[in-house]
Amino acid sequence: LRIGLLGGTFDPIHLGHLQAAAVATEGLGLERVSFVPAAVPPHRPGPEASALDRYAMVCLATNGHRSYVPESLELDREGPSYTIDTLRELRKAHPGGEVFLIVGSDNVADLGSWRHAEEIFSLCEVAVVLRPNEPEPPLAGLPGDARVHRLTGRTLPVSGTAIRDRLAAGEPIETLVPPPVAEYIGKRGLYR
Ligand code: ATP
């Protein structure tokens, strides 16, 4: 089984995330992409929406995509959400599976500093999806034996931050997230 792992804050999930999953799926022949919202991201300020709301939006956005699977494993764990723990769990759940860690190009420079980075690189291959308006990422921070794929498909120039800013300003977000996610945000009054 060729599995993609797309982790993030998903605050909220948006079309850029779905396109990144699609680019990785096509480029690497993935049979499944696990979407893993972080409960407590170790390397950035806490998300604005609750973990449960972010997970619910991931479920809504991936519903209808056969191979996209929402995973609650980081929400079920105590403490900061480390990718290494998620990778170990995924590998245990799918022995013999091959895991591809999907990251946007803005994230690549940091990868080498993640907890147990060397073990991360031994347990998975890295799929870098170029974000629009981002330069081709330097891979200098990664160990020489990391297995890295650069994927050339382009995604929408959208980010969680841009969506939160638009909502706070009362601007529409309908073209940036799947319809059920826009509906959920409105219903719950998130990011206002
Ligand atoms: P924020 O602005 O809150 O940081 P984000 O959408 O950039 O929001 P995450 O939800 O943490 O942040 O992103 C999860 C993963 O998806 C990261 O690896 C990120 O690089 C990637 N990603 C997010 N948006 C895009 C996009 N438009 N194109 C490609 N990759 C993306």
# chains A, B, ... in the order shown; residues from 1 in each chain; ligands from 1
$ residues_near_ligand --ligand "ligand 1" --cutoff "10 Å" --atoms "only C-alpha atoms and all ligand atoms" --output "PyMOL selection string"
chain A and resi 5-21+23+35-38+41+44-48+54+101-108+127-134+153-165+176
$ residues_around --residues "Glu125 (chain A)" --least-positions-apart "5" --cutoff "7 Å" --atoms "only C-alpha atoms" --output "PyMOL selection string"
chain A and resi 99-101+147-148
$ closest_residue --among "A:Leu1, A:Thr62, A:Glu118, A:Leu52" --to "Pro179 (chain A)" --atoms "only C-alpha atoms"
A:Thr62
$ select_by_dssp --residues "chain A" --states "strand (DSSP E or B)" --output "ChimeraX atom specification"
/A:2-8,32-37,68-70,98-104,125-129,148-151
$ write_last_selection --atoms "N, CA, C and O atoms" --output "compact mmCIF listing (two decimals), in the first residue's frame"
# COMPACT_ATOMS: atom_id res chain seq x y z
N ARG A 2 0.61 2.15 -0.91
CA ARG A 2 1.36 3.41 -0.95
C ARG A 2 0.50 4.50 -0.31
O ARG A 2 -0.53 4.88 -0.85
N ILE A 3 0.95 4.96 0.87
CA ILE A 3 0.15 5.84 1.70
C ILE A 3 0.78 7.22 1.78
O ILE A 3 1.96 7.35 2.11
N GLY A 4 -0.01 8.26 1.53
CA GLY A 4 0.45 9.62 1.78
C GLY A 4 0.03 10.06 3.17
O GLY A 4 -1.04 9.67 3.64
N LEU A 5 0.89 10.83 3.82
CA LEU A 5 0.55 11.38 5.14
C LEU A 5 0.58 12.90 5.02
O LEU A 5 1.64 13.48 4.78
N LEU A 6 -0.59 13.51 5.13
CA LEU A 6 -0.67 14.97 5.06
C LEU A 6 -1.08 15.48 6.43
O LEU A 6 -2.25 15.35 6.82
N GLY A 7 -0.12 16.00 7.16
CA GLY A 7 -0.40 16.54 8.49
C GLY A 7 -0.45 18.05 8.44
O GLY A 7 0.08 18.67 7.51
N GLY A 8 -1.09 18.65 9.43
CA GLY A 8 -1.12 20.11 9.47
C GLY A 8 -2.08 20.58 10.54
O GLY A 8 -2.66 19.77 11.26
N ARG A 32 -3.79 5.87 -0.99
CA ARG A 32 -4.52 6.41 0.15
C ARG A 32 -3.75 7.62 0.68
O ARG A 32 -2.52 7.61 0.68
N VAL A 33 -4.49 8.64 1.08
CA VAL A 33 -3.85 9.77 1.76
C VAL A 33 -4.53 9.96 3.12
O VAL A 33 -5.74 10.14 3.20
N SER A 34 -3.72 9.87 4.17
CA SER A 34 -4.22 10.11 5.52
C SER A 34 -4.10 11.59 5.84
O SER A 34 -3.01 12.16 5.75
N PHE A 35 -5.21 12.22 6.20
CA PHE A 35 -5.22 13.63 6.61
C PHE A 35 -5.19 13.65 8.14
O PHE A 35 -6.12 13.14 8.78
N VAL A 36 -4.13 14.23 8.70
CA VAL A 36 -3.92 14.14 10.15
C VAL A 36 -3.85 15.54 10.77
O VAL A 36 -2.80 16.18 10.76
N PRO A 37 -4.96 16.02 11.31
CA PRO A 37 -4.89 17.31 12.01
C PRO A 37 -4.11 17.18 13.31
O PRO A 37 -4.26 16.20 14.04
N TYR A 68 -9.09 9.47 0.35
CA TYR A 68 -8.68 10.44 1.38
C TYR A 68 -9.32 10.07 2.72
O TYR A 68 -10.54 10.03 2.83
N VAL A 69 -8.47 9.84 3.71
CA VAL A 69 -8.97 9.31 4.98
C VAL A 69 -8.63 10.26 6.14
O VAL A 69 -7.45 10.54 6.38
N PRO A 70 -9.63 10.76 6.85
CA PRO A 70 -9.34 11.58 8.03
C PRO A 70 -8.86 10.69 9.17
O PRO A 70 -9.39 9.60 9.36
N GLU A 98 4.17 1.58 2.25
CA GLU A 98 5.19 2.61 2.02
C GLU A 98 4.56 3.94 2.32
O GLU A 98 3.50 4.26 1.78
N VAL A 99 5.21 4.75 3.16
CA VAL A 99 4.61 6.02 3.55
C VAL A 99 5.35 7.20 2.92
O VAL A 99 6.59 7.23 2.91
N PHE A 100 4.59 8.12 2.39
CA PHE A 100 5.12 9.35 1.78
C PHE A 100 4.61 10.53 2.58
O PHE A 100 3.41 10.76 2.66
N LEU A 101 5.52 11.26 3.19
CA LEU A 101 5.16 12.43 3.97
C LEU A 101 4.99 13.62 3.02
O LEU A 101 5.94 14.05 2.37
N ILE A 102 3.77 14.11 2.92
CA ILE A 102 3.47 15.20 1.98
C ILE A 102 3.65 16.54 2.70
O ILE A 102 3.01 16.77 3.73
N VAL A 103 4.52 17.38 2.18
CA VAL A 103 4.71 18.71 2.79
C VAL A 103 4.71 19.78 1.71
O VAL A 103 5.22 19.58 0.61
N GLY A 104 4.12 20.92 2.03
CA GLY A 104 4.21 22.07 1.15
C GLY A 104 5.62 22.63 1.18
O GLY A 104 6.36 22.44 2.15
N GLU A 125 9.33 8.38 2.79
CA GLU A 125 9.89 9.25 1.77
C GLU A 125 9.15 10.58 1.86
O GLU A 125 8.05 10.65 2.40
N VAL A 126 9.76 11.64 1.36
CA VAL A 126 9.17 12.97 1.50
C VAL A 126 8.67 13.43 0.13
O VAL A 126 9.39 13.34 -0.86
N ALA A 127 7.44 13.88 0.09
CA ALA A 127 6.86 14.40 -1.14
C ALA A 127 6.66 15.90 -0.98
O ALA A 127 5.82 16.34 -0.20
N VAL A 128 7.45 16.68 -1.68
CA VAL A 128 7.38 18.13 -1.57
C VAL A 128 6.47 18.68 -2.67
O VAL A 128 6.71 18.46 -3.86
N VAL A 129 5.41 19.36 -2.26
CA VAL A 129 4.49 19.97 -3.23
C VAL A 129 4.80 21.46 -3.26
O VAL A 129 4.74 22.15 -2.25
N VAL A 148 13.68 12.15 -1.26
CA VAL A 148 12.80 13.31 -1.48
C VAL A 148 12.29 13.34 -2.91
O VAL A 148 13.05 13.13 -3.86
N HIS A 149 11.01 13.54 -3.06
CA HIS A 149 10.39 13.72 -4.38
C HIS A 149 9.89 15.15 -4.48
O HIS A 149 9.17 15.60 -3.60
N ARG A 150 10.26 15.84 -5.54
CA ARG A 150 9.69 17.18 -5.77
C ARG A 150 8.57 17.04 -6.77
O ARG A 150 8.78 16.54 -7.87
N LEU A 151 7.40 17.49 -6.39
CA LEU A 151 6.25 17.36 -7.27
C LEU A 151 5.94 18.71 -7.88
O LEU A 151 5.93 19.73 -7.19
$ residues_around --residues "Gly112 (chain A)" --least-positions-apart "2" --cutoff "10 Å" --atoms "only C-alpha atoms" --output "PDB file with N, CA, C and O atoms, in the first residue's frame"
ATOM      1  N   VAL A 108       9.570  22.730   4.080  1.00  0.00           N
ATOM      2  CA  VAL A 108      10.698  21.843   3.853  1.00  0.00           C
ATOM      3  C   VAL A 108      11.928  22.225   4.667  1.00  0.00           C
ATOM      4  O   VAL A 108      12.597  21.374   5.259  1.00  0.00           O
ATOM      5  N   ALA A 109      12.183  23.539   4.731  1.00  0.00           N
ATOM      6  CA  ALA A 109      13.405  23.985   5.390  1.00  0.00           C
ATOM      7  C   ALA A 109      13.434  23.560   6.861  1.00  0.00           C
ATOM      8  O   ALA A 109      14.501  23.359   7.435  1.00  0.00           O
ATOM      9  N   ASP A 110      12.241  23.414   7.467  1.00  0.00           N
ATOM     10  CA  ASP A 110      12.167  23.084   8.894  1.00  0.00           C
ATOM     11  C   ASP A 110      12.302  21.598   9.185  1.00  0.00           C
ATOM     12  O   ASP A 110      12.604  21.208  10.319  1.00  0.00           O
ATOM     13  N   TRP A 114      12.702  18.700  12.994  1.00  0.00           N
ATOM     14  CA  TRP A 114      11.588  18.033  13.662  1.00  0.00           C
ATOM     15  C   TRP A 114      12.128  16.957  14.601  1.00  0.00           C
ATOM     16  O   TRP A 114      13.209  16.404  14.388  1.00  0.00           O
ATOM     17  N   ARG A 115      11.361  16.671  15.629  1.00  0.00           N
ATOM     18  CA  ARG A 115      11.759  15.667  16.617  1.00  0.00           C
ATOM     19  C   ARG A 115      12.063  14.330  15.925  1.00  0.00           C
ATOM     20  O   ARG A 115      11.272  13.851  15.121  1.00  0.00           O
ATOM     21  N   HIS A 116      13.207  13.762  16.256  1.00  0.00           N
ATOM     22  CA  HIS A 116      13.647  12.488  15.672  1.00  0.00           C
ATOM     23  C   HIS A 116      13.650  12.524  14.140  1.00  0.00           C
ATOM     24  O   HIS A 116      13.176  11.589  13.483  1.00  0.00           O
ATOM     25  N   ALA A 117      14.181  13.616  13.596  1.00  0.00           N
ATOM     26  CA  ALA A 117      14.148  13.796  12.139  1.00  0.00           C
ATOM     27  C   ALA A 117      14.772  12.609  11.407  1.00  0.00           C
ATOM     28  O   ALA A 117      14.241  12.137  10.406  1.00  0.00           O
ATOM     29  N   GLU A 118      15.900  12.124  11.943  1.00  0.00           N
ATOM     30  CA  GLU A 118      16.551  11.035  11.206  1.00  0.00           C
ATOM     31  C   GLU A 118      15.677   9.801  11.113  1.00  0.00           C
ATOM     32  O   GLU A 118      15.621   9.140  10.071  1.00  0.00           O
ATOM     33  N   ILE A 120      12.427   9.863  11.188  1.00  0.00           N
ATOM     34  CA  ILE A 120      11.367  10.216  10.231  1.00  0.00           C
ATOM     35  C   ILE A 120      11.814   9.865   8.817  1.00  0.00           C
ATOM     36  O   ILE A 120      11.105   9.198   8.060  1.00  0.00           O
ATOM     37  N   PHE A 121      13.036  10.300   8.463  1.00  0.00           N
ATOM     38  CA  PHE A 121      13.500  10.070   7.087  1.00  0.00           C
ATOM     39  C   PHE A 121      13.754   8.595   6.803  1.00  0.00           C
ATOM     40  O   PHE A 121      13.755   8.190   5.650  1.00  0.00           O
ATOM     41  N   LEU A 139      16.884  22.149  -0.398  1.00  0.00           N
ATOM     42  CA  LEU A 139      16.766  20.914   0.383  1.00  0.00           C
ATOM     43  C   LEU A 139      17.948  20.778   1.330  1.00  0.00           C
ATOM     44  O   LEU A 139      18.210  19.709   1.873  1.00  0.00           O
ATOM     45  N   ALA A 140      18.648  21.900   1.558  1.00  0.00           N
ATOM     46  CA  ALA A 140      19.897  21.864   2.311  1.00  0.00           C
ATOM     47  C   ALA A 140      19.725  21.344   3.740  1.00  0.00           C
ATOM     48  O   ALA A 140      20.601  20.700   4.280  1.00  0.00           O
ATOM     49  N   GLY A 141      18.552  21.613   4.355  1.00  0.00           N
ATOM     50  CA  GLY A 141      18.367  21.214   5.747  1.00  0.00           C
ATOM     51  C   GLY A 141      18.157  19.726   5.939  1.00  0.00           C
ATOM     52  O   GLY A 141      18.111  19.245   7.061  1.00  0.00           O
ATOM     53  N   LEU A 142      17.993  18.986   4.852  1.00  0.00           N
ATOM     54  CA  LEU A 142      17.669  17.569   4.971  1.00  0.00           C
ATOM     55  C   LEU A 142      18.923  16.714   4.913  1.00  0.00           C
ATOM     56  O   LEU A 142      19.878  17.053   4.221  1.00  0.00           O
ATOM     57  N   PRO A 143      18.934  15.604   5.636  1.00  0.00           N
ATOM     58  CA  PRO A 143      20.092  14.732   5.569  1.00  0.00           C
ATOM     59  C   PRO A 143      20.265  14.187   4.155  1.00  0.00           C
ATOM     60  O   PRO A 143      19.299  14.067   3.398  1.00  0.00           O
ATOM     61  N   ALA A 146      18.055  11.351   2.847  1.00  0.00           N
ATOM     62  CA  ALA A 146      16.591  11.476   2.803  1.00  0.00           C
ATOM     63  C   ALA A 146      16.117  11.199   1.382  1.00  0.00           C
ATOM     64  O   ALA A 146      16.752  11.612   0.416  1.00  0.00           O
TER      65      ALA A 146
END
$ atom_distance --atom1 "CA of Pro178 (chain A)" --atom2 "CA of Asn63 (chain A)"
10.3 Å
$ closest_residue --among "A:Leu30, A:His65, A:Gly170, A:Tyr191" --to "Gly97 (chain A)" --atoms "only C-alpha atoms"
A:Leu30
$ residues_around --residues "region 180-183 of chain A" --least-positions-apart "6" --cutoff "7 Å" --atoms "only C-alpha atoms" --output "PyMOL selection string"
chain A and resi 57+60-61+174
$ write_last_selection --atoms "N, CA and C atoms" --output "CSV table (one decimal), in the first residue's frame"
chain,number,residue,atom,x,y,z
A,57,MET,N,-14.0,19.4,10.1
A,57,MET,CA,-13.9,20.0,8.8
A,57,MET,C,-13.1,19.1,7.9
A,60,LEU,N,-15.4,16.5,6.7
A,60,LEU,CA,-16.4,17.1,5.6
A,60,LEU,C,-15.6,17.2,4.3
A,61,ALA,N,-14.4,17.7,4.3
A,61,ALA,CA,-13.7,18.0,3.1
A,61,ALA,C,-13.3,16.7,2.4
A,174,GLU,N,-16.0,31.2,-0.1
A,174,GLU,CA,-16.6,30.1,-0.8
A,174,GLU,C,-15.8,29.5,-1.9
